[in-house]
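Q: Have a peek at start_9.cif (mmCIF, C-alpha atoms).
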```
data_start
#
loop_
_atom_site.label_atom_id
_atom_site.label_comp_id
_atom_site.auth_asym_id
_atom_site.auth_seq_id
_atom_site.Cartn_x
_atom_site.Cartn_y
_atom_site.Cartn_z
CA MET A 3 130.08 42.06 -27.43
CA GLN A 4 130.08 41.62 -31.19
CA ILE A 5 129.41 44.89 -33.02
CA LEU A 6 127.89 44.21 -36.43
CA ASP A 7 127.61 47.74 -37.80
CA HIS A 8 127.69 51.39 -36.77
CA TYR A 9 126.10 54.51 -38.22
CA PRO A 10 125.06 57.98 -37.18
CA LEU A 11 121.33 58.65 -36.93
CA VAL A 12 120.38 62.27 -37.64
CA THR A 13 116.96 63.50 -36.55
CA THR A 14 115.69 65.94 -39.15
CA SER A 15 112.50 67.36 -40.60
CA GLN A 16 113.76 66.20 -44.02
CA PRO A 17 114.84 62.53 -43.85
CA GLN A 18 113.96 61.83 -47.50
CA ALA A 19 115.73 64.97 -48.75
CA CYS A 20 118.84 63.92 -46.81
CA ALA A 21 118.75 60.45 -48.37
CA GLU A 22 118.37 61.94 -51.84
CA PHE A 23 121.31 64.32 -51.20
CA TYR A 24 123.67 61.44 -50.35
CA GLN A 25 122.37 59.36 -53.25
CA ARG A 26 122.75 62.13 -55.80
CA TYR A 27 126.13 63.53 -54.78
CA PHE A 28 127.94 60.69 -53.01
CA GLY A 29 126.73 57.41 -54.54
CA PHE A 30 124.75 56.12 -51.54
CA GLU A 31 121.85 53.71 -52.04
CA THR A 32 118.67 53.43 -49.96
CA VAL A 33 118.67 50.19 -47.96
CA PHE A 34 115.49 50.94 -45.97
CA SER A 35 112.86 53.65 -46.21
CA SER A 36 109.65 54.41 -44.34
CA SER A 37 107.62 57.57 -43.75
CA TRP A 38 109.76 58.54 -40.73
CA PHE A 39 113.10 56.69 -41.15
CA VAL A 40 115.49 56.18 -44.04
CA MET A 41 118.85 54.40 -44.13
CA VAL A 42 121.37 54.87 -46.92
CA GLN A 43 124.59 53.04 -47.57
CA ARG A 44 127.54 53.47 -49.86
CA PRO A 45 128.84 50.12 -51.03
CA ALA A 46 132.24 49.00 -49.77
CA GLU A 47 135.22 50.34 -51.70
CA THR A 48 137.89 49.95 -49.04
CA GLY A 49 136.68 47.00 -47.00
CA HIS A 50 133.49 48.29 -45.39
CA ALA A 51 130.31 50.06 -46.38
CA ILE A 52 129.39 53.52 -45.08
CA THR A 53 125.92 53.76 -43.54
CA LEU A 54 123.88 56.83 -42.53
CA ALA A 55 120.35 57.04 -41.17
CA PHE A 56 117.85 59.89 -40.97
CA MET A 57 114.72 60.02 -38.81
CA SER A 58 111.91 62.54 -38.46
CA ALA A 59 111.29 64.07 -35.02
CA ASP A 60 107.74 62.70 -34.92
CA HIS A 61 108.94 59.09 -35.06
CA PRO A 62 106.94 56.47 -33.14
CA SER A 63 109.94 54.70 -31.58
CA MET A 64 110.50 54.78 -27.85
CA PRO A 65 111.90 56.40 -25.82
CA PRO A 66 111.26 59.83 -27.32
CA GLY A 67 114.21 61.76 -28.70
CA PRO A 68 116.60 62.66 -29.94
CA GLU A 69 115.44 66.13 -30.79
CA LEU A 70 115.99 67.71 -34.20
CA PHE A 71 119.65 68.04 -35.11
CA SER A 72 120.74 71.66 -34.60
CA GLY A 73 123.55 71.59 -37.14
CA ARG A 74 126.22 72.35 -34.54
CA GLY A 75 128.92 70.32 -32.88
CA LEU A 76 129.30 67.53 -35.44
CA LEU A 77 131.28 67.04 -38.64
CA LEU A 78 130.85 64.03 -40.88
CA THR A 79 134.26 63.53 -42.46
CA LEU A 80 134.46 61.87 -45.86
CA GLN A 81 138.02 61.13 -46.94
CA VAL A 82 138.52 61.25 -50.69
CA ALA A 83 141.42 60.69 -53.07
CA ASP A 84 141.24 64.20 -54.59
CA ALA A 85 139.55 66.95 -52.58
CA MET A 86 139.94 69.65 -55.24
CA ALA A 87 138.26 67.47 -57.86
CA ALA A 88 135.49 66.55 -55.37
CA GLN A 89 134.83 70.22 -54.64
CA ALA A 90 134.69 71.06 -58.36
CA GLU A 91 132.31 68.15 -59.00
CA LEU A 92 129.96 69.15 -56.17
CA ARG A 93 130.03 72.83 -57.11
CA ALA A 94 129.24 71.98 -60.75
CA ALA A 95 126.29 69.90 -59.52
CA GLY A 96 124.91 72.89 -57.61
CA VAL A 97 126.04 72.10 -54.06
CA THR A 98 126.92 75.21 -52.03
CA ILE A 99 130.44 75.04 -50.61
CA SER A 100 130.41 76.48 -47.08
CA TYR A 101 134.21 76.29 -46.53
CA GLU A 102 136.41 76.58 -49.61
CA ALA A 103 139.09 73.95 -50.23
CA ARG A 104 142.45 74.77 -48.75
CA ARG A 105 145.59 72.98 -47.73
CA GLU A 106 145.67 72.77 -43.94
CA PRO A 107 149.03 72.70 -42.12
CA TRP A 108 148.12 69.51 -40.21
CA GLY A 109 148.10 67.47 -43.43
CA GLN A 110 144.79 67.77 -45.25
CA ILE A 111 143.28 69.45 -48.24
CA ARG A 112 139.68 69.96 -47.16
CA PHE A 113 136.43 71.75 -47.83
CA GLN A 114 132.93 71.65 -46.39
CA CYS A 115 129.30 71.68 -47.49
CA LEU A 116 126.02 71.12 -45.65
CA ASP A 117 123.41 68.42 -46.17
CA PRO A 118 119.66 69.24 -46.00
CA ALA A 119 119.62 68.59 -42.22
CA GLY A 120 122.41 71.13 -41.70
CA LEU A 121 125.06 68.46 -41.02
CA ALA A 122 128.49 69.75 -42.03
CA LEU A 123 130.38 67.43 -44.36
CA ASP A 124 134.13 67.82 -44.00
CA ILE A 125 135.53 66.38 -47.22
CA CYS A 126 139.26 65.84 -47.01
CA GLU A 127 142.29 64.40 -48.72
CA GLN A 128 145.27 63.35 -46.60
CA VAL A 129 148.54 65.05 -47.59
CA GLU A 130 151.91 65.67 -45.93
CA PRO A 131 151.66 68.06 -42.97
CA ALA A 132 153.74 71.24 -42.92
CA ALA A 133 157.20 70.53 -41.57
CA GLY A 134 157.17 70.61 -37.78
CA PHE A 135 153.44 71.32 -37.48
CA TRP A 136 152.75 68.38 -35.14
CA ASP A 137 155.87 68.80 -33.00
CA PRO A 138 154.31 71.04 -30.29
CA PHE A 139 151.23 68.80 -30.05
CA MET A 140 152.91 65.42 -29.62
CA GLN A 141 153.83 64.05 -26.19
#
```
Turn this file's structure into structure tokens for me.

A:
Amino acid sequence: MQILDHYPLVTTSQPQACAEFYQRYFGFETVFSSSWFVMVQRPAETGHAITLAFMSADHPSMPPGPELFSGRGLLLTLQVADAMAAQAELRAAGVTISYEARREPWGQIRFQCLDPAGLALDICEQVEPAAGFWDPFMQ
């Protein structure tokens, strides 16, 4: 099997609002848009593009489903070079931060916000973990 691309598809009552959120705050561009489906993509910076898709629950595709995204059980992680600067930039632009930036002992500085569908964005910067943090978890 040759896999040509991969992307999450979020079923939401606001596919256009989701697309606009990622365009405005994260530099995505619309690559396809219809009344019930929109696909956005951020151009490649590190070798591959990032693609997301949003679909309304009343879509005509078959089989039916998936149902509206409930906002639970999924994080979309976006790794950035400077998490503190990213948080400041998003806050200044009016995005509500749902989890304030902090240095986590496993080796990340991270914060979270929500998109219009309720999808949690976990925006992180990789840093050195606290000494010995991973020792009890490694086999």

Q: Selection in question (the file shown): the PyMOL selection byres ((chain A and resi 87) around 12). Which residues does it include, as a PDB file with C-alpha atoms, keeping the file's coordinate frame?

A:
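Just written: part_12.pdb:
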```
ATOM      1  CA  VAL A  82     138.520  61.250 -50.690  1.00  0.00           C
ATOM      2  CA  ALA A  83     141.420  60.690 -53.070  1.00  0.00           C
ATOM      3  CA  ASP A  84     141.240  64.200 -54.590  1.00  0.00           C
ATOM      4  CA  ALA A  85     139.550  66.950 -52.580  1.00  0.00           C
ATOM      5  CA  MET A  86     139.940  69.650 -55.240  1.00  0.00           C
ATOM      6  CA  ALA A  88     135.490  66.550 -55.370  1.00  0.00           C
ATOM      7  CA  GLN A  89     134.830  70.220 -54.640  1.00  0.00           C
ATOM      8  CA  ALA A  90     134.690  71.060 -58.360  1.00  0.00           C
ATOM      9  CA  GLU A  91     132.310  68.150 -59.000  1.00  0.00           C
ATOM     10  CA  LEU A  92     129.960  69.150 -56.170  1.00  0.00           C
ATOM     11  CA  ARG A  93     130.030  72.830 -57.110  1.00  0.00           C
ATOM     12  CA  ALA A  94     129.240  71.980 -60.750  1.00  0.00           C
ATOM     13  CA  ALA A 103     139.090  73.950 -50.230  1.00  0.00           C
ATOM     14  CA  ILE A 111     143.280  69.450 -48.240  1.00  0.00           C
ATOM     15  CA  ARG A 112     139.680  69.960 -47.160  1.00  0.00           C
ATOM     16  CA  PHE A 113     136.430  71.750 -47.830  1.00  0.00           C
ATOM     17  CA  ILE A 125     135.530  66.380 -47.220  1.00  0.00           C
ATOM     18  CA  CYS A 126     139.260  65.840 -47.010  1.00  0.00           C
ATOM     19  CA  GLU A 127     142.290  64.400 -48.720  1.00  0.00           C
TER      20      GLU A 127
END
```

Q: Can you list what the PyMOL selection byres ((chain A and resi 23) around 12) grabs from this structure, as number ranges by chain?

A: A: 16-22, 24-32, 42, 54, 56, 92, 95-97, 115-121, 123

Q: Please, what distance in Å, to one decimal, runs between atom CA of Arg105 of chain A and atom CA of Glu130 of chain A?

A: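 Separating atom CA of Arg105 of chain A from atom CA of Glu130 of chain A is a distance of 9.8 Å.
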
Q: Where's the centre, and what are the edge lengths in Å to one decimal, of a box along x, y and z enclosing all listed atoms of segment 36-46 of chain A padded 5 Å per side, as AutoDock Vina command-line options?

A:
```
--center_x 119.9 --center_y 53.8 --center_z -45.9 --size_x 34.6 --size_y 19.5 --size_z 20.3
```

Q: Please report the interatomic distance between atom CA of Met57 of chain A and atom CA of Phe34 of chain A in Å with one decimal.

A: 11.6 Å

Q: Output the residue selection produced by the PyMOL selection byres ((chain A and resi 39) around 7) on the file above, formatted as a list in words.

A: Pro17, Ser35, Ser36, Ser37, Trp38, Val40, Met41, Phe56, Met57 and Ser58 of chain A

Q: Which residue is closest to Ala133 of chain A? Choose from A:Pro107, A:Leu80, A:Ser100, A:Glu47 and count all atoms listed in the file.

A: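 When distances to Ala133 of chain A are compared using all atoms listed in the file, the smallest one comes from A:Pro107.
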
Q: Give the answer as one residue: which of A:Asp124, A:Asp60, A:Glu106, A:Asp7 has the shortest atom-to-atom distance to Leu78 of chain A, using all atoms listed in the file?

A: A:Asp124

Q: For a quick check of understanding, using all atoms listed in the file, which of A:Ser63, A:Gln81, A:Ser72, A:Gln4 has the smallest distance to Thr48 of chain A?

A: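 For Thr48 of chain A, the nearest of the candidates is A:Gln81.
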
Q: For Ser15 of chain A, which residue out of A:Ala132, A:Phe71, A:Arg44, A:Gly49 is the nearest one, using all atoms listed in the file?

A: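 The answer is A:Phe71, which sits nearest to Ser15 of chain A.
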
Q: What is the distance, in Å and to one decimal place, between atom CA of Thr53 of chain A and atom CA of Leu11 of chain A?

A: 9.4 Å

Q: For Glu69 of chain A, which residue among A:Thr13, A:Gln141, A:Val33, A:Gly109 is the nearest when counting only C-alpha atoms?

A: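 Among the listed residues, the smallest separation from Glu69 of chain A belongs to A:Thr13.
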
Q: Between A:Ile99, A:Ala122, A:Val12, A:Ala51, which is the closest to Leu70 of chain A once you count only C-alpha atoms?

A: A:Val12
